[in-house]
>>> print(open('run.cif').read())   # mmCIF, C-alpha atoms
data_upload
#
loop_
_atom_site.label_atom_id
_atom_site.label_comp_id
_atom_site.auth_asym_id
_atom_site.auth_seq_id
_atom_site.Cartn_x
_atom_site.Cartn_y
_atom_site.Cartn_z
CA MET A 30 141.88 68.68 -121.93
CA GLU A 31 140.26 67.25 -125.08
CA ARG A 32 137.67 70.02 -125.08
CA GLU A 33 140.42 72.60 -124.91
CA ARG A 34 142.25 70.99 -127.83
CA ILE A 35 139.07 71.07 -129.91
CA GLU A 36 138.40 74.71 -129.08
CA ASN A 37 141.99 75.59 -130.03
CA LEU A 38 141.58 73.81 -133.35
CA ILE A 39 138.34 75.72 -134.05
CA ILE A 40 139.96 79.09 -133.24
CA LYS A 41 142.95 78.29 -135.44
CA PHE A 42 140.66 77.23 -138.28
CA ASN A 43 138.55 80.38 -138.02
CA ASN A 44 141.76 82.45 -138.22
CA GLY A 45 142.96 80.43 -141.24
CA LYS A 46 146.03 79.14 -139.44
CA LEU A 47 145.58 75.38 -139.52
CA SER A 48 148.46 73.12 -140.46
CA ALA A 49 147.80 70.13 -142.75
CA GLU A 50 147.92 67.84 -139.73
CA GLU A 51 145.49 69.98 -137.76
CA GLN A 52 143.20 70.15 -140.77
CA ARG A 53 143.10 66.33 -140.78
CA ALA A 54 142.40 66.28 -137.04
CA LEU A 55 139.55 68.76 -137.45
CA GLU A 56 138.07 66.69 -140.28
CA LEU A 57 138.14 63.61 -138.03
CA LEU A 58 136.28 65.55 -135.35
CA ILE A 59 133.68 66.67 -137.90
CA GLU A 60 133.32 63.11 -139.22
CA SER A 61 132.76 61.70 -135.73
CA GLY A 62 130.23 64.45 -134.96
CA GLN A 63 132.30 66.06 -132.17
CA VAL A 64 132.47 69.34 -134.11
CA ASP A 65 129.50 70.79 -136.02
CA ILE A 66 130.06 72.70 -139.26
CA GLU A 67 127.67 75.35 -137.92
CA SER A 68 130.04 76.09 -135.08
CA LEU A 69 132.84 77.06 -137.50
CA SER A 70 133.21 80.38 -139.30
CA ILE A 71 132.30 78.75 -142.62
CA GLY A 72 128.96 77.79 -141.05
CA VAL A 73 127.79 81.30 -142.00
CA LEU A 74 128.49 80.51 -145.63
CA ASP A 75 126.60 77.23 -145.31
CA LYS A 76 123.62 79.13 -143.92
CA LYS A 77 123.80 81.64 -146.76
CA ILE A 78 123.66 78.85 -149.33
CA THR A 79 120.27 77.81 -147.95
CA GLU A 80 119.10 81.38 -148.54
CA LEU A 81 120.28 81.45 -152.17
CA SER A 82 117.27 81.77 -154.43
CA TYR A 83 117.02 80.17 -157.81
CA PRO A 84 114.67 80.89 -160.69
CA THR A 85 111.50 78.83 -160.92
CA PRO A 86 110.53 76.67 -163.89
CA THR A 87 108.19 78.01 -166.56
CA GLU A 88 104.73 76.67 -167.31
CA ASP A 89 106.29 74.94 -170.25
CA LEU A 90 107.72 72.34 -167.86
CA ASP A 91 104.22 71.66 -166.48
CA ASP A 92 102.84 71.20 -169.99
CA ARG A 93 105.59 68.82 -170.96
CA PHE A 94 105.29 66.81 -167.76
CA TYR A 95 101.53 66.35 -168.00
CA GLN A 96 101.80 65.46 -171.69
CA MET A 97 104.34 62.78 -170.82
CA LEU A 98 102.09 61.48 -168.00
CA ALA A 99 99.09 61.26 -170.32
CA LEU A 100 101.19 59.43 -172.90
CA GLN A 101 102.44 56.94 -170.33
CA LYS A 102 98.88 56.29 -169.13
CA ARG A 103 97.77 55.62 -172.69
CA GLU A 104 100.70 53.27 -173.25
CA ILE A 105 99.86 51.29 -170.12
CA LYS A 106 96.24 50.96 -171.24
CA SER A 107 97.18 49.78 -174.73
CA SER A 108 100.08 47.60 -173.72
CA PHE A 109 98.13 44.30 -173.93
CA SER A 110 100.05 41.50 -175.58
CA TRP A 111 99.48 37.75 -175.77
CA LYS A 112 103.06 37.20 -174.65
CA ASN A 113 102.41 39.18 -171.48
CA PHE A 114 99.03 37.55 -171.04
CA PHE A 115 100.64 34.11 -170.96
CA SER A 116 103.64 35.13 -168.87
CA TRP A 117 103.58 33.36 -165.52
CA ASN A 118 103.42 36.65 -163.57
CA GLN A 119 100.29 37.63 -165.43
CA LEU A 120 98.81 34.19 -165.71
CA SER A 121 99.22 32.90 -162.16
CA PRO A 122 96.73 35.30 -160.50
CA LYS A 123 94.25 34.64 -163.32
CA LEU A 124 94.62 30.88 -162.90
CA ALA A 125 94.27 31.18 -159.14
CA PHE A 126 91.12 33.25 -159.58
CA ALA A 127 89.66 30.80 -162.11
CA SER A 128 90.38 27.83 -159.81
CA ILE A 129 88.77 29.54 -156.83
CA ALA A 130 85.74 30.47 -158.94
CA LEU A 131 85.42 26.87 -160.18
CA VAL A 132 85.66 25.36 -156.68
CA LEU A 133 83.22 27.95 -155.33
CA GLY A 134 80.80 27.26 -158.17
CA MET A 135 80.94 23.53 -157.55
CA GLY A 136 80.46 24.08 -153.83
CA ILE A 137 77.47 26.35 -154.30
CA GLY A 138 76.01 23.95 -156.88
CA TYR A 139 76.38 21.05 -154.43
CA ILE A 140 74.70 23.03 -151.64
CA ILE A 141 71.75 24.29 -153.66
CA LYS A 142 71.11 21.16 -155.74
CA PRO A 143 67.73 19.43 -155.11
CA ASN A 144 67.82 16.58 -152.57
CA GLU A 145 65.77 14.11 -154.65
CA LYS A 146 68.13 11.89 -156.50
CA PRO A 147 65.95 11.05 -159.51
CA GLY A 148 65.05 14.68 -160.03
CA THR A 149 61.63 16.25 -159.98
CA GLU A 150 60.59 14.95 -163.42
CA ILE A 151 61.32 11.34 -162.56
CA GLN A 152 59.56 11.74 -159.25
CA ALA A 153 56.45 13.07 -160.98
CA LEU A 154 56.54 10.13 -163.41
CA SER A 155 56.80 7.50 -160.66
CA GLN A 156 53.92 9.21 -158.84
CA GLN A 157 51.83 8.92 -162.00
CA VAL A 158 52.68 5.22 -162.31
CA ASN A 159 51.72 4.71 -158.67
CA ASP A 160 48.40 6.45 -159.21
CA LEU A 161 47.73 4.24 -162.24
CA LYS A 162 48.49 1.08 -160.27
CA GLU A 163 46.17 2.27 -157.52
CA MET A 164 43.36 2.85 -159.98
CA MET A 165 43.98 -0.50 -161.59
CA MET A 166 44.00 -2.27 -158.21
CA LEU A 167 40.76 -0.66 -157.08
CA SER A 168 39.04 -1.56 -160.31
CA LEU A 169 40.41 -5.13 -160.27
CA LEU A 170 39.06 -5.65 -156.74
CA GLU A 171 35.58 -5.09 -158.14
CA LYS A 172 36.00 -7.96 -160.61
CA GLU A 173 34.04 -11.16 -160.17
CA SER A 174 37.01 -13.36 -160.83
CA ALA A 175 38.91 -14.26 -157.69
CA THR A 176 42.09 -14.49 -159.73
CA GLU A 177 41.63 -10.89 -160.83
CA ARG A 178 41.02 -9.84 -157.25
CA LEU A 179 44.17 -11.74 -156.18
CA ARG A 180 46.10 -9.84 -158.87
CA ALA A 181 44.66 -6.63 -157.49
CA VAL A 182 45.87 -7.44 -153.99
CA SER A 183 49.31 -8.47 -155.21
CA LEU A 184 49.59 -5.15 -157.08
CA THR A 185 49.93 -3.33 -153.74
CA SER A 186 53.33 -4.96 -153.16
CA GLU A 187 54.56 -3.13 -156.29
CA MET A 188 53.46 0.22 -154.96
CA SER A 189 56.12 2.34 -153.28
CA GLU A 190 53.56 3.97 -151.04
CA ALA A 191 49.94 2.91 -150.57
CA SER A 192 47.37 5.58 -149.90
CA ALA A 193 44.59 5.37 -147.31
CA LYS A 194 42.32 4.46 -150.20
CA VAL A 195 44.36 1.32 -150.88
CA THR A 196 44.56 0.18 -147.24
CA ASN A 197 40.80 0.72 -146.84
CA ALA A 198 40.16 -1.34 -149.98
CA LEU A 199 42.40 -4.10 -148.63
CA LEU A 200 40.62 -4.07 -145.25
CA LYS A 201 37.26 -4.19 -147.03
CA THR A 202 38.51 -7.17 -149.06
CA LEU A 203 39.74 -8.85 -145.87
CA ASN A 204 36.33 -8.43 -144.23
CA SER A 205 33.96 -9.11 -147.09
CA ASP A 206 35.58 -10.96 -149.99
CA ASP A 207 33.90 -14.25 -150.75
CA ASN A 208 37.13 -16.00 -151.45
CA VAL A 209 39.29 -17.10 -148.51
CA ASN A 210 42.46 -16.95 -150.57
CA VAL A 211 41.75 -13.40 -151.54
CA ARG A 212 41.11 -12.54 -147.88
CA LEU A 213 44.38 -14.18 -146.85
CA ALA A 214 46.22 -12.34 -149.62
CA ALA A 215 44.66 -9.07 -148.44
CA LEU A 216 45.83 -9.79 -144.90
CA GLU A 217 49.34 -10.44 -146.16
CA ALA A 218 49.22 -7.26 -148.25
CA LEU A 219 48.30 -5.29 -145.13
CA LEU A 220 51.39 -6.43 -143.19
CA PRO A 221 53.62 -3.54 -144.38
CA TYR A 222 51.04 -1.07 -142.94
CA ILE A 223 50.62 -2.81 -139.61
CA LYS A 224 52.42 0.02 -137.82
CA GLU A 225 49.54 2.37 -138.58
CA SER A 226 47.20 2.38 -135.58
CA SER A 227 44.10 2.71 -137.77
CA VAL A 228 45.08 -0.43 -139.67
CA ARG A 229 45.68 -2.34 -136.41
CA GLU A 230 42.30 -1.27 -135.02
CA GLU A 231 40.55 -2.42 -138.16
CA LEU A 232 42.38 -5.73 -138.05
CA ILE A 233 41.16 -6.32 -134.45
CA ARG A 234 37.59 -5.50 -135.49
CA SER A 235 38.02 -7.78 -138.46
CA ILE A 236 38.58 -10.82 -136.17
CA ALA A 237 34.88 -10.99 -135.28
CA LYS A 238 33.87 -10.70 -138.92
CA GLN A 239 35.85 -13.73 -140.03
CA GLU A 240 34.17 -17.10 -140.45
CA SER A 241 36.94 -18.89 -142.25
CA PRO A 242 39.08 -20.80 -139.77
CA LEU A 243 42.20 -20.16 -141.92
CA VAL A 244 41.70 -16.41 -141.75
CA GLN A 245 40.87 -16.59 -138.04
CA VAL A 246 44.07 -18.52 -137.26
CA ALA A 247 46.14 -16.20 -139.48
CA LEU A 248 44.75 -13.15 -137.68
CA ALA A 249 45.29 -14.75 -134.24
CA GLU A 250 48.89 -15.54 -135.12
CA LEU A 251 49.41 -12.06 -136.47
CA MET A 252 48.04 -10.53 -133.25
CA ALA A 253 50.41 -12.66 -131.23
CA GLN A 254 53.27 -11.68 -133.50
CA ILE A 255 52.63 -7.96 -133.14
CA GLN A 256 51.75 -8.31 -129.44
CA GLU A 257 48.37 -6.61 -129.87
CA LYS A 258 46.87 -7.29 -126.40
CA SER A 259 43.67 -5.42 -127.08
CA SER A 260 42.76 -8.16 -129.56
CA VAL A 261 42.36 -10.78 -126.80
CA LYS A 262 38.66 -9.98 -126.22
CA GLU A 263 37.85 -10.48 -129.89
CA LEU A 264 39.86 -13.69 -130.03
CA GLU A 265 38.07 -15.03 -126.96
CA LYS A 266 34.74 -14.45 -128.71
CA ILE A 267 35.89 -16.84 -131.47
CA ILE A 268 36.83 -19.44 -128.89
CA GLN A 269 33.44 -19.13 -127.24
CA SER A 270 31.62 -19.57 -130.54
CA GLU A 271 30.27 -23.03 -131.03
CA ARG A 272 30.89 -22.89 -134.75
CA THR A 273 34.62 -22.63 -134.32
CA PRO A 274 36.41 -25.94 -134.88
CA ASP A 275 38.41 -27.28 -131.94
CA GLU A 276 41.71 -27.15 -133.79
CA VAL A 277 41.21 -23.51 -134.51
CA LYS A 278 40.25 -22.87 -130.88
CA ASN A 279 43.46 -24.52 -129.75
CA ARG A 280 45.57 -22.42 -132.16
CA ILE A 281 43.84 -19.25 -131.00
CA LYS A 282 44.28 -20.22 -127.36
CA GLU A 283 48.01 -20.52 -128.01
CA SER A 284 48.05 -17.03 -129.46
CA ILE A 285 46.12 -15.65 -126.47
CA LYS A 286 48.61 -17.37 -124.19
CA ILE A 287 51.44 -15.50 -125.89
CA LEU A 288 49.56 -12.22 -125.59
CA SER A 289 48.60 -12.54 -121.93
CA MET B 18 101.14 68.28 -143.07
CA ASP B 19 100.62 66.50 -146.34
CA ALA B 20 97.55 64.30 -146.44
CA LEU B 21 99.59 61.71 -148.24
CA THR B 22 103.28 61.22 -147.65
CA ASP B 23 105.71 61.16 -150.55
CA ASN B 24 106.25 57.46 -150.04
CA ALA B 25 102.53 56.68 -149.97
CA LEU B 26 102.04 58.62 -153.20
CA MET B 27 104.96 56.93 -154.89
CA LEU B 28 103.67 53.49 -153.86
CA LYS B 29 100.35 54.37 -155.49
CA VAL B 30 102.22 55.37 -158.65
CA LYS B 31 104.03 52.02 -158.46
CA ASP B 32 100.65 50.28 -158.26
CA GLY B 33 99.54 51.96 -161.46
CA ASP B 34 97.87 55.14 -160.19
CA LEU B 35 100.04 57.36 -162.38
CA ASP B 36 98.05 60.51 -161.64
CA LYS B 37 99.62 60.59 -158.18
CA LEU B 38 102.94 61.42 -159.82
CA GLY B 39 101.40 64.80 -160.62
CA LEU B 40 101.27 65.57 -156.88
CA LEU B 41 104.91 64.60 -156.43
CA PHE B 42 105.82 66.70 -159.47
CA GLU B 43 104.10 69.72 -157.93
CA ARG B 44 105.95 69.18 -154.66
CA TYR B 45 109.40 68.74 -156.11
CA LYS B 46 109.63 70.50 -159.48
CA LYS B 47 111.06 73.64 -157.86
CA PRO B 48 113.75 72.04 -155.66
CA LEU B 49 114.79 69.81 -158.56
CA TYR B 50 114.87 72.74 -160.94
CA GLY B 51 116.93 74.66 -158.37
CA PHE B 52 119.37 71.79 -158.03
CA PHE B 53 119.84 71.54 -161.79
CA TYR B 54 120.07 75.28 -162.13
CA GLY B 55 122.80 75.30 -159.51
CA MET B 56 124.61 72.66 -161.49
CA THR B 57 124.13 73.95 -165.07
CA LYS B 58 122.94 77.58 -165.00
CA ASP B 59 120.92 76.79 -168.09
CA GLN B 60 117.21 77.31 -167.60
CA GLU B 61 116.08 75.48 -170.70
CA LEU B 62 118.34 72.55 -169.97
CA CYS B 63 117.07 72.45 -166.36
CA GLU B 64 113.54 71.91 -167.57
CA ASP B 65 114.74 69.03 -169.75
CA LEU B 66 116.56 67.50 -166.83
CA VAL B 67 113.60 67.83 -164.44
CA GLN B 68 111.39 66.24 -167.09
CA ASN B 69 113.96 63.50 -167.47
CA VAL B 70 113.97 62.80 -163.72
CA PHE B 71 110.20 62.32 -163.67
CA PHE B 72 110.37 60.18 -166.78
CA ARG B 73 112.87 57.91 -165.05
CA ILE B 74 110.74 57.83 -161.89
CA LEU B 75 107.87 56.56 -164.04
CA LYS B 76 110.02 54.13 -165.94
CA TYR B 77 111.66 52.64 -162.86
CA ARG B 78 108.71 52.98 -160.49
CA TYR B 79 108.72 49.22 -159.89
CA LEU B 80 112.13 49.63 -158.20
CA PHE B 81 110.73 51.90 -155.48
CA ARG B 82 110.19 49.77 -152.37
CA GLY B 83 109.00 52.46 -150.00
CA GLU B 84 111.64 51.56 -147.42
CA GLY B 85 113.74 54.70 -147.88
CA ASP B 86 112.79 58.34 -148.32
CA PHE B 87 111.23 59.22 -151.70
CA LYS B 88 113.08 62.53 -151.83
CA THR B 89 116.40 60.75 -151.36
CA TRP B 90 115.51 58.30 -154.13
CA MET B 91 114.46 61.18 -156.37
CA PHE B 92 117.71 63.10 -155.82
CA HIS B 93 119.63 59.91 -156.47
CA ILE B 94 117.93 59.76 -159.87
CA ALA B 95 118.47 63.50 -160.38
CA ARG B 96 122.17 63.07 -159.74
CA ASN B 97 122.35 60.25 -162.28
CA VAL B 98 120.45 62.34 -164.83
CA ASN B 99 122.87 65.20 -164.28
CA HIS B 100 125.92 62.94 -164.58
CA ASP B 101 124.57 61.33 -167.74
CA HIS B 102 124.04 64.75 -169.25
CA PHE B 103 127.53 65.88 -168.37
CA ARG B 104 129.07 62.70 -169.70
CA LYS B 105 127.36 63.28 -173.03
CA THR B 106 128.42 66.95 -173.24
CA LYS B 107 131.75 66.79 -171.44
CA TRP B 108 133.51 69.11 -173.87
CA LYS B 109 131.10 71.91 -173.02
CA HIS B 110 131.78 71.87 -169.31
CA LYS B 111 135.54 71.96 -168.91
CA GLU B 112 136.40 73.66 -165.69
CA SER B 113 138.99 76.16 -166.86
CA ILE B 114 139.96 79.69 -166.05
CA ASP B 115 139.36 80.55 -169.72
CA ASN B 116 135.59 80.32 -169.58
CA TRP B 117 135.26 81.97 -166.19
CA GLU B 118 135.01 85.41 -167.72
CA GLU B 119 132.28 84.31 -170.06
CA ARG B 120 130.37 82.79 -167.19
CA LEU B 121 130.88 85.90 -165.08
CA GLU B 122 129.20 88.05 -167.72
CA SER B 123 126.19 85.80 -167.97
CA GLU B 124 126.05 85.59 -164.20
CA GLU B 125 125.90 89.37 -163.99
CA ASP B 126 122.87 89.39 -166.27
CA ARG B 127 121.11 86.80 -164.19
CA ALA B 128 122.01 88.61 -160.98
CA THR B 129 120.10 91.64 -162.16
CA GLN B 130 117.27 89.45 -163.24
CA PHE B 131 116.80 87.92 -159.80
CA ARG B 132 117.58 91.11 -157.88
CA GLN B 133 119.74 89.43 -155.30
CA ASP B 134 121.89 91.63 -153.15
CA GLU B 135 125.58 91.93 -153.85
CA GLU B 136 126.63 89.42 -151.25
CA MET B 137 124.30 86.77 -152.57
CA GLN B 138 125.37 87.47 -156.14
CA LEU B 139 128.95 86.88 -155.11
CA LEU B 140 128.05 83.68 -153.33
CA SER B 141 126.15 82.46 -156.36
CA MET B 142 129.10 83.24 -158.59
CA ALA B 143 131.47 81.51 -156.18
CA MET B 144 129.25 78.43 -156.24
CA ASP B 145 129.46 78.36 -160.02
CA ARG B 146 133.21 78.31 -159.87
CA LEU B 147 133.43 75.33 -157.60
CA PRO B 148 134.39 71.96 -159.05
CA GLU B 149 131.34 69.93 -159.97
CA ASP B 150 131.55 67.44 -157.10
CA LYS B 151 131.85 70.21 -154.50
CA ARG B 152 129.04 72.23 -156.02
CA GLU B 153 126.91 69.13 -156.09
CA ILE B 154 127.42 68.30 -152.42
CA LEU B 155 126.54 71.86 -151.37
CA LEU B 156 123.43 71.83 -153.55
CA LEU B 157 122.36 68.45 -152.20
CA SER B 158 122.91 69.78 -148.68
CA LYS B 159 120.76 72.81 -149.53
CA PHE B 160 117.92 70.89 -151.18
CA GLN B 161 118.03 67.93 -148.80
CA GLU B 162 117.91 70.39 -145.88
CA LYS B 163 121.24 69.24 -144.45
CA LYS B 164 120.07 65.69 -143.93
CA TYR B 165 123.57 64.28 -144.15
CA LYS B 166 122.49 60.68 -143.65
CA GLU B 167 120.14 60.88 -146.65
CA ILE B 168 122.82 62.58 -148.71
CA GLY B 169 125.10 59.71 -147.74
CA ASP B 170 122.48 57.33 -149.15
CA ILE B 171 122.48 59.26 -152.42
CA LEU B 172 126.26 59.35 -152.69
CA GLY B 173 126.86 55.91 -151.26
CA CYS B 174 128.95 56.99 -148.27
CA SER B 175 128.62 57.48 -144.52
CA GLU B 176 127.04 60.47 -142.77
CA GLY B 177 130.47 61.42 -141.36
CA ALA B 178 132.04 61.28 -144.81
CA VAL B 179 129.30 63.60 -146.13
CA LYS B 180 130.04 66.11 -143.36
CA VAL B 181 133.73 66.13 -144.29
CA LYS B 182 132.85 66.59 -147.98
CA VAL B 183 130.57 69.53 -147.11
CA PHE B 184 133.28 70.99 -144.90
CA ARG B 185 135.89 70.80 -147.67
CA ALA B 186 133.45 72.21 -150.23
CA LEU B 187 132.67 75.13 -147.93
CA GLN B 188 136.37 75.77 -147.40
CA GLU B 189 136.93 75.99 -151.14
CA LEU B 190 133.79 78.09 -151.57
CA LYS B 191 135.14 80.55 -149.03
CA GLU B 192 138.43 80.81 -150.94
CA VAL B 193 136.68 81.43 -154.26
CA TYR B 194 134.33 83.91 -152.61
CA GLN B 195 137.21 85.86 -151.15
CA HIS B 196 139.02 85.76 -154.47
CA LEU B 197 135.98 87.17 -156.27
CA GLU B 198 135.54 89.83 -153.58
CA LYS B 199 139.07 91.09 -154.26
CA HIS B 200 138.81 91.08 -158.04
CA LEU B 201 135.33 92.42 -158.67
#
>>> encode(input="run.cif", output="structure tokens")
Amino acid sequence: MERERIENLIIKFNNGKLSAEEQRALELLIESGQVDIESLSIGVLDKKITELSYPTPTEDLDDRFYQMLALQKREIKSSFSWKNFFSWNQLSPKLAFASIALVLGMGIGYIIKPNEKPGTEIQALSQQVNDLKEMMMLSLLEKESATERLRAVSLTSEMSEASAKVTNALLKTLNSDDNVNVRLAALEALLPYIKESSVREELIRSIAKQESPLVQVALAELMAQIQEKSSVKELEKIIQSERTPDEVKNRIKESIKILS
Amino acid sequence: MDALTDNALMLKVKDGDLDKLGLLFERYKKPLYGFFYGMTKDQELCEDLVQNVFFRILKYRYLFRGEGDFKTWMFHIARNVNHDHFRKTKWKHKESIDNWEERLESEEDRATQFRQDEEMQLLSMAMDRLPEDKREILLLSKFQEKKYKEIGDILGCSEGAVKVKVFRALQELKEVYQHLEKHL
């Protein structure tokens, strides 16, 4: 029924016999998409409009356009102004970039910085001082004066790290120095290096070389303290010696008791 | 198929790559020129107006968001350029019977120039005699390839309303055409 009404309207329109009311009805149908313009007689006219040809622009238009484009490009390039530079839109990306660069720089600096706190120069200096002290200690140990030799031994406590040369000198002092006090000081100075197996071995060997009861007792107590069981044989030799005073024997026996 | 769509090119222009506007100019200088020619019949003026459209595209490139169709946006600008021109020179474009004869003569010259057949000459002349708004909708329909929804975006109305406008314009065009047929 509706289809028929629409077809009637189209026929009437094509014959130019539409009333004002029918015209409005047809327009409503076109608006709602129920009737296409192409399906009406005027659709031919619409099609012809698409075929209408128009003149084309001259080359003058091209010239003018490209001149304008070049001008605009130049204006953009030369449009720097401090006002723009400090406008928030312009400044915010720059600030963000600068902040990121700063944080990155600090991060990289932290990662690649040398681990030594005092820096390489200070480290070299302290090494030089250490070397000097070492030299001084070794030369002082050669002195005749026991006081000087005691000073030499006490110098090792000021050294951050003693070399093998120093520990050997201390062991030599412990075994052969004439003065008991110097020997005892050397033994005390060797305590920080007791963890080194070579030092421990030398200390055990040193037991047999000692004649001073004070040094013997000190060594026996040290062996007990560090639980050096391999020293028992050497300590027993001291006990067996007739020259060893009874008091010392008793003290050493106590140490052996702890060790066994 | 274009390697770069209109929208992609225009977004590049927006980002500062102004050279890409040259590609859009090459694509659309002819349809734009045709649209203005249909509206003004003045070749020299048409070139000014096309130039003006591209100048405005450059000037207002930051307003292009890439959501809609570039061509629709461009014709929207073209329509404004045309209206601005007519507002400035209103006295020159009074639609009156008096200047019809004058326009007919110049139209005859142009008809020979473009060697269109008689029927097309008549249609072209009939188009010229339509009121501006009706001529405009038919030209937009021609150059926007009957995309009524896009034309609606340009004119700020619905697709259905555009169809009715085109229908009414065609009705009037037919009347003028028939009138010319009888009198020429």
>>> residues_around(input="run.cif", residues="region 73-87 of chain A", least_positions_apart="2", cutoff="10 Å", atoms="all atoms listed in the file", output="PyMOL selection string")
(chain A and resi 66-71+89-92) or (chain B and resi 46-55+58+60-61+63-64+67+127+130-133+136-138+140-141+144+155-156+158-160+162-163+183-184+186-188+190-191+194)
>>> atom_distance(input="run.cif", atom1="CA of Ile281 (chain A)", atom2="CA of Lys258 (chain A)")
13.2 Å
>>> resolve_selection(input="run.cif", expression="the PyMOL selection byres ((chain A and resi 180) around 10)", output="list in words")
Met165, Met166, Leu169, Leu170, Ser174, Ala175, Thr176, Glu177, Arg178, Leu179, Ala181, Val182, Ser183, Leu184, Thr185, Val211 and Ala214 of chain A
>>> closest_residue(input="run.cif", among="B:Ala25, B:Ala143, B:Ile168, B:Ile94", to="chain A", atoms="all atoms listed in the file")
B:Ala143
>>> atom_distance(input="run.cif", atom1="CA of Lys76 (chain B)", atom2="CA of Val98 (chain B)")
13.3 Å
>>> atom_distance(input="run.cif", atom1="CA of Leu243 (chain A)", atom2="CA of Glu163 (chain A)")
27.6 Å
>>> closest_residue(input="run.cif", among="B:Asn24, B:Asp150, B:Arg82, B:Leu62", to="chain A", atoms="only C-alpha atoms")
B:Leu62
>>> residues_around(input="run.cif", residues="Thr22 (chain B)", least_positions_apart="4", cutoff="12 Å", atoms="all atoms listed in the file", output="MDAnalysis selection string")
chainID B and resid 18 26:29 37 40:41 44 83 86:88
>>> build_atoms(input="run.cif", residues="region 97-101 of chain A", atoms="all heavy atoms", output="PDB file, in the frame of the given file")
ATOM      1  N   MET A  97     103.612  64.046-170.967  1.00  0.00           N
ATOM      2  CA  MET A  97     104.340  62.780-170.820  1.00  0.00           C
ATOM      3  C   MET A  97     103.503  61.797-169.971  1.00  0.00           C
ATOM      4  O   MET A  97     103.393  60.617-170.300  1.00  0.00           O
ATOM      5  CB  MET A  97     105.680  63.031-170.133  1.00  0.00           C
ATOM      6  CG  MET A  97     106.448  61.751-169.844  1.00  0.00           C
ATOM      7  SD  MET A  97     107.783  61.988-168.683  1.00  0.00           S
ATOM      8  CE  MET A  97     106.913  62.111-167.131  1.00  0.00           C
ATOM      9  N   LEU A  98     102.897  62.327-168.903  1.00  0.00           N
ATOM     10  CA  LEU A  98     102.090  61.480-168.000  1.00  0.00           C
ATOM     11  C   LEU A  98     100.904  60.879-168.756  1.00  0.00           C
ATOM     12  O   LEU A  98     100.626  59.682-168.638  1.00  0.00           O
ATOM     13  CB  LEU A  98     101.615  62.321-166.816  1.00  0.00           C
ATOM     14  CG  LEU A  98     101.095  61.555-165.601  1.00  0.00           C
ATOM     15  CD1 LEU A  98     102.195  60.682-165.025  1.00  0.00           C
ATOM     16  CD2 LEU A  98     100.605  62.527-164.533  1.00  0.00           C
ATOM     17  N   ALA A  99     100.244  61.727-169.553  1.00  0.00           N
ATOM     18  CA  ALA A  99      99.090  61.260-170.320  1.00  0.00           C
ATOM     19  C   ALA A  99      99.513  60.173-171.306  1.00  0.00           C
ATOM     20  O   ALA A  99      98.821  59.172-171.491  1.00  0.00           O
ATOM     21  CB  ALA A  99      98.445  62.429-171.049  1.00  0.00           C
ATOM     22  N   LEU A 100     100.660  60.391-171.924  1.00  0.00           N
ATOM     23  CA  LEU A 100     101.190  59.430-172.900  1.00  0.00           C
ATOM     24  C   LEU A 100     101.494  58.085-172.230  1.00  0.00           C
ATOM     25  O   LEU A 100     101.153  57.027-172.758  1.00  0.00           O
ATOM     26  CB  LEU A 100     102.465  60.009-173.522  1.00  0.00           C
ATOM     27  CG  LEU A 100     102.895  59.396-174.848  1.00  0.00           C
ATOM     28  CD1 LEU A 100     101.964  59.852-175.961  1.00  0.00           C
ATOM     29  CD2 LEU A 100     104.331  59.795-175.173  1.00  0.00           C
ATOM     30  N   GLN A 101     102.106  58.164-171.062  1.00  0.00           N
ATOM     31  CA  GLN A 101     102.440  56.940-170.330  1.00  0.00           C
ATOM     32  C   GLN A 101     101.178  56.171-169.937  1.00  0.00           C
ATOM     33  O   GLN A 101     101.135  54.949-170.008  1.00  0.00           O
ATOM     34  CB  GLN A 101     103.232  57.279-169.057  1.00  0.00           C
ATOM     35  CG  GLN A 101     104.667  57.685-169.314  1.00  0.00           C
ATOM     36  CD  GLN A 101     105.519  56.524-169.807  1.00  0.00           C
ATOM     37  OE1 GLN A 101     105.468  55.429-169.275  1.00  0.00           O
ATOM     38  NE2 GLN A 101     106.283  56.767-170.855  1.00  0.00           N
TER      39      GLN A 101
END
